[in-house]
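Dumped data_9.cif below, it's mmCIF, C-alpha atoms:
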data_final
#
loop_
_atom_site.label_atom_id
_atom_site.label_comp_id
_atom_site.auth_asym_id
_atom_site.auth_seq_id
_atom_site.Cartn_x
_atom_site.Cartn_y
_atom_site.Cartn_z
CA LYS A 119 -11.48 14.49 -0.86
CA GLN A 120 -8.75 11.97 -1.58
CA GLU A 121 -8.15 11.30 -5.27
CA VAL A 122 -5.79 8.63 -6.56
CA THR A 123 -4.47 8.74 -10.11
CA GLN A 124 -2.35 6.28 -12.02
CA ILE A 125 -0.25 7.07 -15.07
CA PRO A 126 -0.02 5.71 -17.68
CA ALA A 127 -3.44 4.14 -18.16
CA ALA A 128 -1.91 1.51 -20.42
CA LEU A 129 1.62 0.37 -21.13
CA SER A 130 3.09 -2.14 -23.57
CA VAL A 131 6.71 -3.24 -23.26
CA PRO A 132 8.88 -6.03 -24.72
CA GLU A 133 9.86 -8.87 -22.46
CA GLY A 134 12.94 -8.23 -20.34
CA GLU A 135 12.45 -4.48 -19.96
CA ASN A 136 12.44 -2.75 -16.60
CA LEU A 137 9.41 -0.53 -16.09
CA VAL A 138 7.87 1.93 -13.67
CA LEU A 139 4.22 2.45 -12.84
CA ASN A 140 3.12 5.66 -11.16
CA CYS A 141 0.52 6.42 -8.53
CA SER A 142 -0.39 9.90 -7.23
CA PHE A 143 -2.65 10.85 -4.34
CA THR A 144 -3.90 14.26 -3.26
CA ASP A 145 -4.08 13.88 0.53
CA SER A 146 -0.84 12.94 2.28
CA ALA A 147 -2.62 11.88 5.48
CA ILE A 148 -2.48 8.22 4.62
CA TYR A 149 -1.97 5.19 6.83
CA ASN A 150 -0.46 3.04 4.10
CA LEU A 151 -0.44 2.40 0.38
CA GLN A 152 -0.96 -0.98 -1.20
CA TRP A 153 -0.21 -2.22 -4.72
CA PHE A 154 -2.38 -4.92 -6.31
CA ARG A 155 -2.50 -6.76 -9.58
CA GLN A 156 -5.70 -7.92 -11.22
CA ASP A 157 -5.87 -10.54 -13.93
CA PRO A 158 -8.84 -10.51 -16.32
CA GLY A 159 -12.03 -11.68 -14.64
CA LYS A 160 -10.25 -12.20 -11.33
CA GLY A 161 -10.00 -10.51 -7.98
CA LEU A 162 -7.09 -8.47 -6.65
CA THR A 163 -3.79 -9.98 -5.58
CA SER A 164 -1.84 -7.99 -3.01
CA LEU A 165 1.71 -7.29 -4.15
CA LEU A 166 3.23 -4.86 -1.66
CA LEU A 167 2.10 -2.72 1.25
CA ILE A 168 4.08 0.36 2.30
CA GLN A 169 3.40 1.97 5.63
CA SER A 170 3.36 5.76 5.74
CA SER A 171 6.60 5.74 7.74
CA GLN A 172 8.42 3.64 5.15
CA ARG A 173 10.14 4.72 1.96
CA GLU A 174 10.11 1.45 0.03
CA GLN A 175 9.26 -2.23 0.02
CA THR A 176 10.69 -5.02 -2.09
CA SER A 177 9.43 -8.44 -3.10
CA GLY A 178 11.35 -10.38 -5.71
CA ARG A 179 11.44 -8.38 -8.94
CA LEU A 180 9.06 -5.76 -7.51
CA ASN A 181 10.04 -2.61 -5.66
CA ALA A 182 7.57 -0.02 -4.46
CA SER A 183 8.53 3.41 -3.19
CA LEU A 184 6.53 6.01 -1.32
CA ASP A 185 7.05 9.77 -1.09
CA LYS A 186 4.24 10.90 1.15
CA SER A 187 5.15 14.57 1.06
CA SER A 188 4.80 14.77 -2.71
CA GLY A 189 1.86 12.34 -2.83
CA ARG A 190 3.57 9.80 -5.06
CA SER A 191 4.33 6.12 -5.20
CA THR A 192 6.04 4.09 -7.89
CA LEU A 193 6.05 0.37 -8.62
CA TYR A 194 9.24 -0.79 -10.31
CA ILE A 195 9.16 -4.13 -12.11
CA ALA A 196 12.54 -5.53 -13.11
CA ALA A 197 13.11 -7.83 -16.07
CA SER A 198 9.46 -7.95 -17.08
CA GLN A 199 7.90 -11.25 -18.21
CA PRO A 200 4.72 -12.03 -20.19
CA GLY A 201 3.24 -13.37 -16.95
CA ASP A 202 3.41 -9.86 -15.52
CA SER A 203 0.69 -8.78 -17.95
CA ALA A 204 -2.25 -7.59 -15.84
CA THR A 205 -3.88 -4.45 -14.50
CA TYR A 206 -1.97 -2.88 -11.63
CA LEU A 207 -3.84 -0.87 -9.03
CA CYS A 208 -2.65 1.24 -6.14
CA ALA A 209 -4.84 2.00 -3.15
CA VAL A 210 -4.44 4.24 -0.09
CA LYS A 211 -5.84 3.78 3.38
CA LEU A 212 -6.61 7.15 4.94
CA LYS A 213 -5.75 8.14 8.47
CA GLY A 214 -8.53 8.93 10.88
CA GLY A 215 -11.13 6.56 12.19
CA ALA A 216 -11.04 2.83 12.67
CA THR A 217 -11.70 1.67 9.14
CA ASN A 218 -10.04 -0.42 6.47
CA LYS A 219 -11.59 1.54 3.61
CA LEU A 220 -9.27 1.77 0.60
CA ILE A 221 -9.38 4.42 -2.11
CA PHE A 222 -8.25 2.99 -5.40
CA GLY A 223 -6.48 4.49 -8.36
CA THR A 224 -7.69 4.11 -11.91
CA GLY A 225 -5.23 1.33 -12.73
CA THR A 226 -2.50 0.72 -15.32
CA LEU A 227 -3.06 -2.01 -17.89
CA LEU A 228 0.32 -3.64 -18.56
CA ALA A 229 1.06 -5.84 -21.55
CA VAL A 230 4.47 -7.52 -21.76
CA GLN A 231 5.15 -8.75 -25.28
CA PRO A 232 7.15 -12.00 -25.67
CA LYS B 293 -4.69 -21.26 4.64
CA ALA B 294 -7.77 -20.74 2.51
CA GLY B 295 -8.21 -17.36 0.89
CA VAL B 296 -11.26 -15.15 0.69
CA THR B 297 -14.15 -17.07 -0.85
CA GLN B 298 -17.00 -15.39 -2.66
CA THR B 299 -20.13 -17.14 -3.87
CA PRO B 300 -21.60 -17.36 -6.36
CA ARG B 301 -19.02 -16.45 -9.01
CA TYR B 302 -21.63 -15.42 -11.57
CA LEU B 303 -25.20 -14.23 -11.32
CA ILE B 304 -27.72 -13.14 -13.90
CA LYS B 305 -30.77 -11.24 -12.71
CA THR B 306 -33.46 -9.04 -14.20
CA ARG B 307 -34.39 -5.50 -13.25
CA GLY B 308 -36.43 -5.21 -10.09
CA GLN B 309 -35.19 -8.45 -8.55
CA GLN B 310 -33.01 -8.67 -5.49
CA VAL B 311 -29.77 -10.54 -4.94
CA THR B 312 -27.61 -11.74 -2.05
CA LEU B 313 -23.86 -12.23 -2.35
CA SER B 314 -21.73 -14.10 0.15
CA CYS B 315 -18.16 -13.66 1.37
CA SER B 316 -16.15 -15.93 3.67
CA PRO B 317 -13.03 -14.17 4.94
CA ILE B 318 -9.67 -15.70 5.71
CA SER B 319 -9.78 -17.57 9.00
CA GLY B 320 -9.10 -15.19 11.87
CA HIS B 321 -9.92 -12.06 9.89
CA ARG B 322 -12.63 -9.94 11.48
CA SER B 323 -12.91 -7.09 8.98
CA VAL B 324 -14.80 -7.56 5.74
CA SER B 325 -15.16 -4.82 3.12
CA TRP B 326 -17.18 -4.78 -0.07
CA TYR B 327 -16.34 -2.99 -3.31
CA GLN B 328 -18.08 -2.49 -6.63
CA GLN B 329 -15.95 -2.50 -9.77
CA THR B 330 -17.24 -1.14 -13.07
CA PRO B 331 -15.38 -0.05 -16.23
CA GLY B 332 -16.63 3.51 -15.85
CA GLN B 333 -16.21 4.12 -12.12
CA GLY B 334 -13.42 1.72 -11.23
CA LEU B 335 -13.32 0.29 -7.71
CA GLN B 336 -15.68 1.98 -5.27
CA PHE B 337 -16.08 1.23 -1.57
CA LEU B 338 -19.51 0.00 -0.52
CA PHE B 339 -19.19 -0.74 3.20
CA GLU B 340 -17.09 -2.41 5.86
CA TYR B 341 -18.07 -4.71 8.69
CA PHE B 342 -16.07 -5.46 11.80
CA SER B 343 -17.27 -7.72 14.62
CA GLU B 344 -20.80 -7.80 13.16
CA THR B 345 -21.05 -3.99 13.06
CA GLN B 346 -20.97 -1.73 10.02
CA ARG B 347 -18.22 0.78 10.74
CA ASN B 348 -18.01 2.59 7.43
CA LYS B 349 -20.25 3.10 4.44
CA GLY B 350 -19.64 4.42 0.95
CA ASN B 351 -21.84 6.64 -1.15
CA PHE B 352 -24.35 4.11 -2.44
CA PRO B 353 -28.16 4.14 -2.24
CA GLY B 354 -30.01 2.32 0.51
CA ARG B 355 -30.78 -0.53 -1.90
CA PHE B 356 -27.30 -1.78 -1.06
CA SER B 357 -27.06 -3.35 2.37
CA GLY B 358 -24.96 -5.88 4.17
CA ARG B 359 -24.43 -7.78 7.34
CA GLN B 360 -21.80 -9.82 9.11
CA PHE B 361 -22.29 -12.95 11.15
CA SER B 362 -20.55 -14.04 14.33
CA ASN B 363 -18.15 -16.23 12.32
CA SER B 364 -17.14 -13.10 10.32
CA ARG B 365 -18.81 -14.30 7.13
CA SER B 366 -20.57 -11.46 5.38
CA GLU B 367 -23.41 -11.02 2.95
CA MET B 368 -24.43 -8.08 0.86
CA ASN B 369 -27.87 -7.59 -0.56
CA VAL B 370 -29.01 -5.44 -3.44
CA SER B 371 -32.74 -4.86 -3.80
CA THR B 372 -34.74 -3.54 -6.76
CA LEU B 373 -31.89 -4.22 -9.17
CA GLU B 374 -31.11 -1.68 -11.89
CA LEU B 375 -29.14 -2.09 -15.09
CA GLY B 376 -26.40 0.06 -13.61
CA ASP B 377 -25.84 -2.46 -10.83
CA SER B 378 -24.11 -4.76 -13.32
CA ALA B 379 -20.59 -5.02 -11.97
CA LEU B 380 -17.94 -7.16 -10.36
CA TYR B 381 -18.49 -7.17 -6.60
CA LEU B 382 -15.35 -7.79 -4.61
CA CYS B 383 -14.94 -8.66 -0.97
CA ALA B 384 -11.78 -8.03 1.04
CA SER B 385 -10.79 -9.24 4.47
CA SER B 386 -8.14 -8.26 6.97
CA LEU B 387 -7.39 -8.77 10.62
CA GLY B 388 -9.17 -5.55 11.43
CA GLY B 389 -8.47 -2.56 13.60
CA ALA B 390 -6.20 0.34 12.71
CA ASP B 391 -3.36 -1.88 11.64
CA ASN B 392 -1.01 -2.17 8.71
CA GLN B 393 -2.02 -5.64 7.66
CA PRO B 394 -2.69 -6.00 3.94
CA GLN B 395 -6.18 -6.60 2.70
CA HIS B 396 -6.89 -9.77 0.79
CA PHE B 397 -9.48 -9.97 -1.94
CA GLY B 398 -11.67 -12.74 -3.25
CA ASP B 399 -12.24 -13.45 -6.95
CA GLY B 400 -15.52 -11.58 -6.87
CA THR B 401 -19.08 -12.15 -7.98
CA ARG B 402 -19.90 -11.03 -11.50
CA LEU B 403 -23.48 -9.68 -11.46
CA SER B 404 -25.25 -9.08 -14.76
CA ILE B 405 -28.63 -7.37 -14.89
CA LEU B 406 -30.81 -7.98 -17.94
#
As structure tokens, please, write out the structure in this file.
Amino acid sequence: KQEVTQIPAALSVPEGENLVLNCSFTDSAIYNLQWFRQDPGKGLTSLLLIQSSQREQTSGRLNASLDKSSGRSTLYIAASQPGDSATYLCAVKLKGGATNKLIFGTGTLLAVQP
Amino acid sequence: KAGVTQTPRYLIKTRGQQVTLSCSPISGHRSVSWYQQTPGQGLQFLFEYFSETQRNKGNFPGRFSGRQFSNSRSEMNVSTLELGDSALYLCASSLGGADNQPQHFGDGTRLSIL
């Protein structure tokens, strides 16, 4: 059974710092991995999607890496800003079967202090 | 392009009642998935519909059901509501099929059971 874990559960950093969020998964037979952010009371906003054949994806100040063999992904946020404060979730899509089911991690609550 | 639209945004019901939630996917998207988010369990997959057919189902009791219409809009229904059904219900849409397109989420319906 696929399990997805995110460490740390919460993180507080001063504005301007670079930071790394971690995501681990137990089954390497994934189709892709997607990073989301969730603001309080809101839905999920897709940040980056990494296909299983890729090693990393970049969008602006965000960079996500994927090491399928070790079951790990990281989300790197450069020069953090207070507007980055949110909960960050990773989710994997398993191989096998025609389905878009995602298995989510537990999330990291990020607070960027001005 | 309009995003995923969920209605209503908030609902208050009492135990034993039933409720119907609606989700309109992004135009052209044929896959709609539903998730339940609670503080204790995180995000859990309920079911997925593709071309009006349920093609995957999570581990929820039969009180949770759904359907999809020919225009890809989807509804989920919860009957005989219990206190534990209080949650944020999120809908996600994607093009469908075994592809690497990201999934896009709506802002959710916040269901409170009194």
Edge lengths and centre, in Å to one decimal, as JSON: that's what I need for the box along x, y and z that holds all listed atoms of region 122-140 of chain A plus 6 Å on each side.
{"center_x": 3.6, "center_y": -0.1, "center_z": -15.6, "size_x": 30.7, "size_y": 29.6, "size_z": 30.2}
Using all atoms listed in the file, which protein or nucleic acid residues come within 12 Å of Tyr149 (chain A)? Drop anything in the same chain fewer than 4 positions from it, and give the result as an NGL selection string.
(:A and (145 or 167-172 or 184 or 186 or 209-221)) or (:B and (390-394))
For CA of Ser191 (chain A) and CA of Cys141 (chain A), the interatomic separation in Å (one decimal):
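Between these atoms lies a distance of 5.1 Å.
Take the PyMOL selection byres ((chain A and resi 130-135) around 9) and apply it to this file: it picks A:Ala128, A:Leu129, A:Asn136, A:Leu137, A:Ile195, A:Ala196, A:Ala197, A:Ser198, A:Gln199, A:Pro200, A:Leu227, A:Leu228, A:Ala229, A:Val230, A:Gln231, A:Pro232.
Between CA of Gln360 (chain B) and CA of Arg301 (chain B) the separation is 19.5 Å.
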Resolved residues for the PyMOL selection byres ((chain B) within 8 of (chain A)) as a PyMOL selection string
chain B and resi 323+325+334-337+339-340+347-348+382+388-390+392+394-400
C-alpha atoms of the current selection, written as an mmCIF file, in the coordinates of the input:
data_model
loop_
_atom_site.group_PDB
_atom_site.id
_atom_site.type_symbol
_atom_site.label_atom_id
_atom_site.label_comp_id
_atom_site.auth_asym_id
_atom_site.auth_seq_id
_atom_site.Cartn_x
_atom_site.Cartn_y
_atom_site.Cartn_z
ATOM 1 C CA SER B 323 -12.910 -7.090 8.980
ATOM 2 C CA SER B 325 -15.160 -4.820 3.120
ATOM 3 C CA GLY B 334 -13.420 1.720 -11.230
ATOM 4 C CA LEU B 335 -13.320 0.290 -7.710
ATOM 5 C CA GLN B 336 -15.680 1.980 -5.270
ATOM 6 C CA PHE B 337 -16.080 1.230 -1.570
ATOM 7 C CA PHE B 339 -19.190 -0.740 3.200
ATOM 8 C CA GLU B 340 -17.090 -2.410 5.860
ATOM 9 C CA ARG B 347 -18.220 0.780 10.740
ATOM 10 C CA ASN B 348 -18.010 2.590 7.430
ATOM 11 C CA LEU B 382 -15.350 -7.790 -4.610
ATOM 12 C CA GLY B 388 -9.170 -5.550 11.430
ATOM 13 C CA GLY B 389 -8.470 -2.560 13.600
ATOM 14 C CA ALA B 390 -6.200 0.340 12.710
ATOM 15 C CA ASN B 392 -1.010 -2.170 8.710
ATOM 16 C CA PRO B 394 -2.690 -6.000 3.940
ATOM 17 C CA GLN B 395 -6.180 -6.600 2.700
ATOM 18 C CA HIS B 396 -6.890 -9.770 0.790
ATOM 19 C CA PHE B 397 -9.480 -9.970 -1.940
ATOM 20 C CA GLY B 398 -11.670 -12.740 -3.250
ATOM 21 C CA ASP B 399 -12.240 -13.450 -6.950
ATOM 22 C CA GLY B 400 -15.520 -11.580 -6.870
#
I'd like the residues picked by the PyMOL selection byres ((chain B and resi 305) around 10) written out as a list in words, using the chain letters and numbers from the file.
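Taken over the shown coordinates, the PyMOL selection byres ((chain B and resi 305) around 10) returns Leu303, Ile304, Thr306, Arg307, Gly308, Gln309, Gln310, Val311, Leu373, Glu374, Leu375, Ser378, Leu403, Ser404, Ile405 and Leu406 of chain B.
For the set B:Cys315, B:Thr401, B:Ser364, B:Tyr381, the residue with the smallest atom-to-atom gap to Tyr327 (chain B) is B:Tyr381, counting all atoms listed in the file.
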Selected residue, from B:Tyr341, B:Trp326, B:Phe356, B:Tyr302, that lies nearest to Ser371 (chain B) when counting all atoms listed in the file
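Distance minimum relative to Ser371 (chain B) lands on B:Phe356.
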Could you work out how far CA of Gln298 (chain B) lies from CA of Phe352 (chain B), giving the answer in Å with one decimal?
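Answer for the CA of Phe352 (chain B) to CA of Gln298 (chain B) separation: 20.8 Å.
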What's the 8 Å shell around Ala379 (chain B), counting only C-alpha atoms, without same-chain residues fewer than 3 positions away, as a ChimeraX atom specification?
/B:328-330,376,402-404
When you count only C-alpha atoms, which of these residues is closest to Ile125 (chain A): A:Ser203, A:Gln175, A:Ser146, A:Arg190?
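Nearest candidate to Ile125 (chain A) out of A:Ser203, A:Gln175, A:Ser146, A:Arg190: A:Arg190.
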Put region 214-231 of chain A into a file with N, CA, C and O atoms, as a compact mmCIF listing (two decimals), in the first residue's frame.
# COMPACT_ATOMS: atom_id res chain seq x y z
N GLY A 214 -0.52 1.64 -13.24
CA GLY A 214 -1.44 0.51 -13.24
C GLY A 214 -2.87 0.95 -13.27
O GLY A 214 -3.35 1.57 -12.33
N GLY A 215 -3.55 0.66 -14.32
CA GLY A 215 -4.96 1.00 -14.41
C GLY A 215 -5.16 2.41 -14.94
O GLY A 215 -4.31 3.28 -14.76
N ALA A 216 -6.28 2.60 -15.60
CA ALA A 216 -6.59 3.92 -16.14
C ALA A 216 -7.33 4.70 -15.07
O ALA A 216 -8.54 4.62 -14.92
N THR A 217 -6.60 5.43 -14.26
CA THR A 217 -7.21 6.20 -13.19
C THR A 217 -6.36 7.43 -12.89
O THR A 217 -5.14 7.39 -13.05
N ASN A 218 -7.00 8.48 -12.44
CA ASN A 218 -6.29 9.68 -12.04
C ASN A 218 -6.21 9.81 -10.52
O ASN A 218 -5.90 10.89 -10.02
N LYS A 219 -6.45 8.72 -9.81
CA LYS A 219 -6.41 8.76 -8.36
C LYS A 219 -5.06 9.24 -7.87
O LYS A 219 -4.01 8.76 -8.31
N LEU A 220 -5.07 10.19 -6.94
CA LEU A 220 -3.85 10.68 -6.31
C LEU A 220 -3.82 10.24 -4.85
O LEU A 220 -4.86 10.19 -4.18
N ILE A 221 -2.61 9.93 -4.38
CA ILE A 221 -2.41 9.63 -2.97
C ILE A 221 -1.60 10.77 -2.39
O ILE A 221 -0.47 11.04 -2.85
N PHE A 222 -2.18 11.43 -1.41
CA PHE A 222 -1.59 12.65 -0.87
C PHE A 222 -0.73 12.40 0.36
O PHE A 222 -0.97 11.48 1.15
N GLY A 223 0.27 13.28 0.51
CA GLY A 223 1.04 13.31 1.73
C GLY A 223 0.29 14.08 2.80
O GLY A 223 -0.80 14.60 2.57
N THR A 224 0.91 14.15 3.95
CA THR A 224 0.29 14.76 5.13
C THR A 224 0.40 16.28 5.14
O THR A 224 -0.26 16.93 5.93
N GLY A 225 1.26 16.82 4.29
CA GLY A 225 1.36 18.27 4.16
C GLY A 225 2.40 18.90 5.08
O GLY A 225 2.73 18.38 6.15
N THR A 226 2.96 20.03 4.63
CA THR A 226 3.87 20.85 5.42
C THR A 226 3.28 22.25 5.51
O THR A 226 3.03 22.87 4.47
N LEU A 227 3.04 22.71 6.73
CA LEU A 227 2.51 24.06 6.95
C LEU A 227 3.68 25.03 7.03
O LEU A 227 4.50 24.95 7.94
N LEU A 228 3.77 25.92 6.04
CA LEU A 228 4.89 26.86 5.95
C LEU A 228 4.44 28.26 6.36
O LEU A 228 3.42 28.76 5.88
N ALA A 229 5.22 28.86 7.25
CA ALA A 229 4.98 30.25 7.63
C ALA A 229 6.26 31.03 7.34
O ALA A 229 7.33 30.68 7.83
N VAL A 230 6.16 32.07 6.52
CA VAL A 230 7.29 32.92 6.20
C VAL A 230 7.08 34.25 6.93
O VAL A 230 6.13 34.97 6.66
N GLN A 231 7.98 34.52 7.86
CA GLN A 231 7.83 35.71 8.71
C GLN A 231 8.44 36.94 8.04
O GLN A 231 9.58 36.89 7.58
